[in-house]
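Notes for the one structure printed next.
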Amino acid sequence: MSTQEHAAAHTHRDDYGARMGMWLFLFTELILFGGMFLVYSVYRFTNQAEFHLAATELNTIIGTFNTVILLTSSLTMALSIAAIQKNNKSLSIFFQLLTILLGLFFMVNKYFEWSAKINHGLFPGSDELLAKSSGEILFYGLYYAMTGLHGLHVLVGMVLIGVMAGFTSRGSITYDNYVKLENTGLYWHLVDIIWIFLFPLFYLIT
Amino acid sequence: MENNNSHSQNSLGYGIYILVWLALVTLTTVTVTVSGMDLRSLTVTVALVIASLKTYLVINIFMHLRSEGRTFKVFVLVALLFLLVSFILLFADYSFH
């Protein structure tokens, strides 16, 4: 603690404030997705049978697989922070790259999943979808909007972790100064939490 | 004065994270299995309870909220309560229409 206090005398640093700023940002993300979950819940409440019917088209196996991938990526993210805390730089970078790789697996699965839907003519505004009941149209609209926004967050998270891996290897993230990595981790875990709710609400309602 | 640069997190070993990951994967298996059963209206309740449990683990251990100060915990609680109140008010409105 005394060495850190000494270092603080030379450069302005406020890790506590940095983490709090990140949490505040995460609350805005919570409200962003929360609003969509509100819309989902009302439409599901008013179109129960149609939502169940539409959800049978979703691939539970891919959904489960992607859930496990994302949970594992959260583990590797947490481990990369544990490694930098122990001053194990190369292990931390290894876990960061592994996290990006798992994010990539997730996105590849999403790509195949969405392609299959689109090939079946199930995408917003398609003739096939418009011929269905309004509840099913709503389900697919929400499916694409919510998993799409979530996927965008995964992509952003992957880019951020890539930048952090660069910082770590150049030595600007170290065992006693890793709040950037910590905050990136917070973002990545939030994205994981969103998926924890998206998964049962879209894939497991049949 | 409080030292703002000390990381409040006590550096944890790798083991706890692996344990939490095992719990998360187990809960995922449980939620998939339960969804296959015919529990009717209970299905969504069980799914949400399990998802909340997983979220609790992620926030506390992976996101280190457990070792953050009181202010962080109050903030998170207020944010979650805000969302909960939004849902309650919305459904109170819908139920009486």
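Naming scheme: A, B, ... for chains in displayed order of the structure tokens; residues 1 onward per chain; ligands 1 onward as shown.
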Proximity check chain A to chain B, 8 Å, nearest pairs one decimal Å, only C-alpha atoms, as a tab-separated table:
residue	atom	partner	partner_atom	distance
A:Met1	CA	B:Ser6	CA	6.7
A:Gln4	CA	B:Ser6	CA	6.9
A:Glu5	CA	B:Asn3	CA	7.0
A:Ala8	CA	B:Asn5	CA	7.1
A:Arg13	CA	B:Asn5	CA	6.5
A:Asp14	CA	B:Asn4	CA	5.5
A:Asp15	CA	B:Asn5	CA	5.1
A:Tyr16	CA	B:Asn4	CA	5.4
A:Gly17	CA	B:Asn4	CA	7.7
A:Met20	CA	B:Phe72	CA	7.2
A:Trp23	CA	B:Phe72	CA	8.0
A:Phe27	CA	B:Ala79	CA	6.5
A:Ile31	CA	B:Leu83	CA	7.4
A:Gly34	CA	B:Leu83	CA	6.8
A:Leu38	CA	B:Phe87	CA	6.6
A:Val42	CA	B:Phe91	CA	7.8
A:Thr64	CA	B:Thr28	CA	7.7
A:Thr67	CA	B:Thr28	CA	7.8
A:Val68	CA	B:Val25	CA	6.4
A:Leu71	CA	B:Trp21	CA	6.9
A:Thr72	CA	B:Trp21	CA	6.9
A:Ser74	CA	B:Phe62	CA	7.5
A:Leu75	CA	B:Trp21	CA	6.2
A:Ala78	CA	B:Phe62	CA	5.7
A:Leu79	CA	B:Tyr14	CA	6.3
A:Ala82	CA	B:Ser11	CA	6.5
A:Gln85	CA	B:Ser11	CA	6.1
A:Lys86	CA	B:Ser11	CA	7.6
A:Gly185	CA	B:Met63	CA	7.4
A:Leu186	CA	B:Met63	CA	5.7
A:His189	CA	B:Met63	CA	6.9
A:Ile193	CA	B:Thr55	CA	5.9
A:Ile196	CA	B:Ala51	CA	5.9
A:Phe197	CA	B:Ala51	CA	6.0
A:Pro200	CA	B:Ala47	CA	6.2
A:Leu201	CA	B:Val44	CA	7.9
A:Leu204	CA	B:Ser35	CA	5.8
A:Ile205	CA	B:Ser35	CA	7.0
A:Thr206	CA	B:Ser35	CA	7.6
Selected residues, N, CA and C atoms, written as a short mmCIF file (atom, residue, chain, number, x, y, z; two decimals), in the first residue's frame, please.
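And here's again12.cif as it stands now:
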data_model
loop_
_atom_site.label_atom_id
_atom_site.label_comp_id
_atom_site.auth_asym_id
_atom_site.auth_seq_id
_atom_site.Cartn_x
_atom_site.Cartn_y
_atom_site.Cartn_z
N MET A 1 0.83 -1.20 0.00
CA MET A 1 0.00 0.00 0.00
C MET A 1 0.87 1.25 0.00
N GLN A 4 2.29 2.05 -3.36
CA GLN A 4 1.28 2.60 -4.27
C GLN A 4 1.01 4.06 -3.94
N GLU A 5 1.02 4.39 -2.65
CA GLU A 5 0.81 5.77 -2.25
C GLU A 5 1.94 6.64 -2.78
N ALA A 8 1.44 7.23 -6.36
CA ALA A 8 0.33 8.13 -6.60
C ALA A 8 0.74 9.59 -6.47
N ARG A 13 -3.86 9.49 -10.35
CA ARG A 13 -4.59 8.26 -10.66
C ARG A 13 -5.74 8.14 -9.68
N ASP A 14 -6.88 7.69 -10.18
CA ASP A 14 -8.02 7.45 -9.30
C ASP A 14 -8.74 6.20 -9.77
N ASP A 15 -8.23 5.08 -9.35
CA ASP A 15 -8.80 3.80 -9.79
C ASP A 15 -10.23 3.62 -9.30
N TYR A 16 -10.45 4.09 -8.06
CA TYR A 16 -11.78 3.98 -7.46
C TYR A 16 -12.79 4.73 -8.33
N GLY A 17 -12.43 5.96 -8.70
CA GLY A 17 -13.30 6.77 -9.55
C GLY A 17 -13.47 6.15 -10.93
N MET A 20 -15.88 3.34 -10.61
CA MET A 20 -17.24 3.84 -10.39
C MET A 20 -17.83 4.39 -11.69
N TRP A 23 -19.02 1.49 -13.70
CA TRP A 23 -20.29 0.95 -13.19
C TRP A 23 -21.45 1.86 -13.60
N PHE A 27 -24.80 0.97 -15.81
CA PHE A 27 -26.21 1.19 -15.46
C PHE A 27 -26.98 1.72 -16.67
N ILE A 31 -30.25 0.00 -18.48
CA ILE A 31 -31.51 0.64 -18.83
C ILE A 31 -31.80 0.45 -20.33
N GLY A 34 -32.73 -3.08 -20.51
CA GLY A 34 -33.91 -3.23 -19.67
C GLY A 34 -35.17 -2.77 -20.38
N LEU A 38 -38.45 -4.93 -21.20
CA LEU A 38 -39.81 -4.49 -20.86
C LEU A 38 -40.75 -4.72 -22.04
N VAL A 42 -44.03 -7.42 -22.19
CA VAL A 42 -45.42 -7.07 -22.48
C VAL A 42 -45.93 -7.84 -23.70
N THR A 64 -27.58 -23.10 -26.38
CA THR A 64 -26.91 -23.63 -25.19
C THR A 64 -25.40 -23.57 -25.35
N THR A 67 -24.18 -20.16 -24.91
CA THR A 67 -24.21 -19.77 -23.50
C THR A 67 -22.94 -20.25 -22.80
N VAL A 68 -22.59 -21.51 -23.04
CA VAL A 68 -21.40 -22.07 -22.39
C VAL A 68 -20.14 -21.33 -22.88
N LEU A 71 -20.04 -17.95 -21.10
CA LEU A 71 -19.70 -18.12 -19.67
C LEU A 71 -18.22 -18.41 -19.53
N THR A 72 -17.69 -19.25 -20.44
CA THR A 72 -16.27 -19.59 -20.38
C THR A 72 -15.41 -18.35 -20.67
N SER A 74 -16.17 -15.36 -19.93
CA SER A 74 -16.17 -14.55 -18.71
C SER A 74 -15.15 -15.10 -17.72
N LEU A 75 -15.05 -16.42 -17.67
CA LEU A 75 -14.04 -17.05 -16.80
C LEU A 75 -12.64 -16.61 -17.22
N ALA A 78 -11.91 -13.06 -16.22
CA ALA A 78 -11.62 -12.94 -14.79
C ALA A 78 -10.22 -13.49 -14.48
N LEU A 79 -9.86 -14.59 -15.16
CA LEU A 79 -8.54 -15.18 -14.91
C LEU A 79 -7.41 -14.26 -15.39
N ALA A 82 -6.86 -11.93 -12.62
CA ALA A 82 -6.18 -12.63 -11.52
C ALA A 82 -4.70 -12.81 -11.86
N GLN A 85 -2.81 -9.54 -11.50
CA GLN A 85 -2.65 -9.23 -10.07
C GLN A 85 -1.45 -9.98 -9.49
N LYS A 86 -1.18 -11.16 -10.06
CA LYS A 86 -0.04 -11.96 -9.59
C LYS A 86 1.22 -11.63 -10.39
N GLY A 185 -13.12 -5.78 -18.30
CA GLY A 185 -13.71 -6.99 -17.75
C GLY A 185 -15.14 -6.75 -17.30
N LEU A 186 -15.36 -5.61 -16.62
CA LEU A 186 -16.72 -5.29 -16.15
C LEU A 186 -17.69 -5.24 -17.33
N HIS A 189 -18.36 -8.77 -18.67
CA HIS A 189 -19.25 -9.54 -17.81
C HIS A 189 -20.69 -9.06 -17.93
N ILE A 193 -24.00 -11.18 -18.74
CA ILE A 193 -25.23 -11.17 -17.95
C ILE A 193 -26.46 -10.97 -18.85
N ILE A 196 -27.26 -14.13 -20.34
CA ILE A 196 -27.83 -15.05 -19.36
C ILE A 196 -29.36 -14.92 -19.34
N PHE A 197 -29.86 -13.70 -19.59
CA PHE A 197 -31.31 -13.50 -19.63
C PHE A 197 -31.89 -13.73 -21.03
N PRO A 200 -32.62 -17.93 -21.90
CA PRO A 200 -33.88 -18.63 -21.57
C PRO A 200 -35.11 -17.95 -22.17
N LEU A 201 -35.07 -16.61 -22.32
CA LEU A 201 -36.27 -15.91 -22.77
C LEU A 201 -36.54 -16.12 -24.26
N LEU A 204 -35.66 -20.97 -24.69
CA LEU A 204 -36.19 -22.02 -23.81
C LEU A 204 -37.67 -21.85 -23.48
N ILE A 205 -38.45 -21.23 -24.37
CA ILE A 205 -39.85 -21.03 -23.99
C ILE A 205 -40.80 -21.98 -24.71
N THR A 206 -40.25 -23.02 -25.31
CA THR A 206 -41.11 -23.94 -26.07
C THR A 206 -41.77 -25.01 -25.24
#
Quick one: residues within 9 Å of Val179 (chain A), only C-alpha atoms counted, chain neighbours fewer than 2 positions away excluded, as a PyMOL selection string? (chain A and resi 15-16+18-19+173+176-177+181-184) or (chain B and resi 7)
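The set of residues in region 48-86 of chain B assigned to alpha helix (DSSP H) by DSSP, using only backbone atoms of this structure, is Leu48, Val49, Ile50, Ala51, Ser52, Leu53, Lys54, Thr55, Tyr56, Leu57, Arg70, Thr71, Phe72, Lys73, Val74, Phe75, Val76, Leu77, Val78, Ala79, Leu80, Leu81, Phe82, Leu83, Leu84, Val85 and Ser86 of chain B.
Here CA of Glu50 (chain A) is placed at a distance of 7.2 Å from CA of Ser133 (chain A).
Take the candidates A:Ala49, A:Ile61, A:Leu32, A:Leu24 and check each one against Ser134 (chain A) using only C-alpha atoms; the shortest distance goes to A:Ala49.
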Excluding same-chain residues fewer than 5 positions from Thr168 (chain A), what lies within 8 Å of it counting only C-alpha atoms, as a compact mmCIF listing (two decimals) with N, CA and C atoms, in the first residue's frame?
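selection27.txt, written as the output of this step:
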# COMPACT_ATOMS: atom_id res chain seq x y z
N LYS A 89 2.39 -11.51 -16.49
CA LYS A 89 1.99 -10.75 -17.67
C LYS A 89 1.61 -11.65 -18.85
N ILE A 93 -2.02 -12.01 -20.79
CA ILE A 93 -2.24 -11.78 -22.23
C ILE A 93 -2.85 -13.03 -22.87
N ILE A 173 -0.40 -1.69 -18.78
CA ILE A 173 -1.22 -2.36 -17.77
C ILE A 173 -0.27 -3.26 -16.98
N THR A 174 -0.17 -3.03 -15.68
CA THR A 174 0.77 -3.80 -14.86
C THR A 174 0.08 -4.32 -13.61
Can you list, as a ChimeraX atom specification, every protein, DNA or RNA residue that comes within 12 Å of Val108 (chain A) when you count only C-alpha atoms, leaving out same-chain residues fewer than 4 positions away? /A:62,65-66,69,101-104,112-115,151,154-155
List the neighbours of Tyr187 (chain A) out to 8 Å using only C-alpha atoms; skip same-chain residues closer than 3 positions along the sequence, and give me the result as a PyMOL selection string. chain A and resi 22+26+157+183-184+190-191
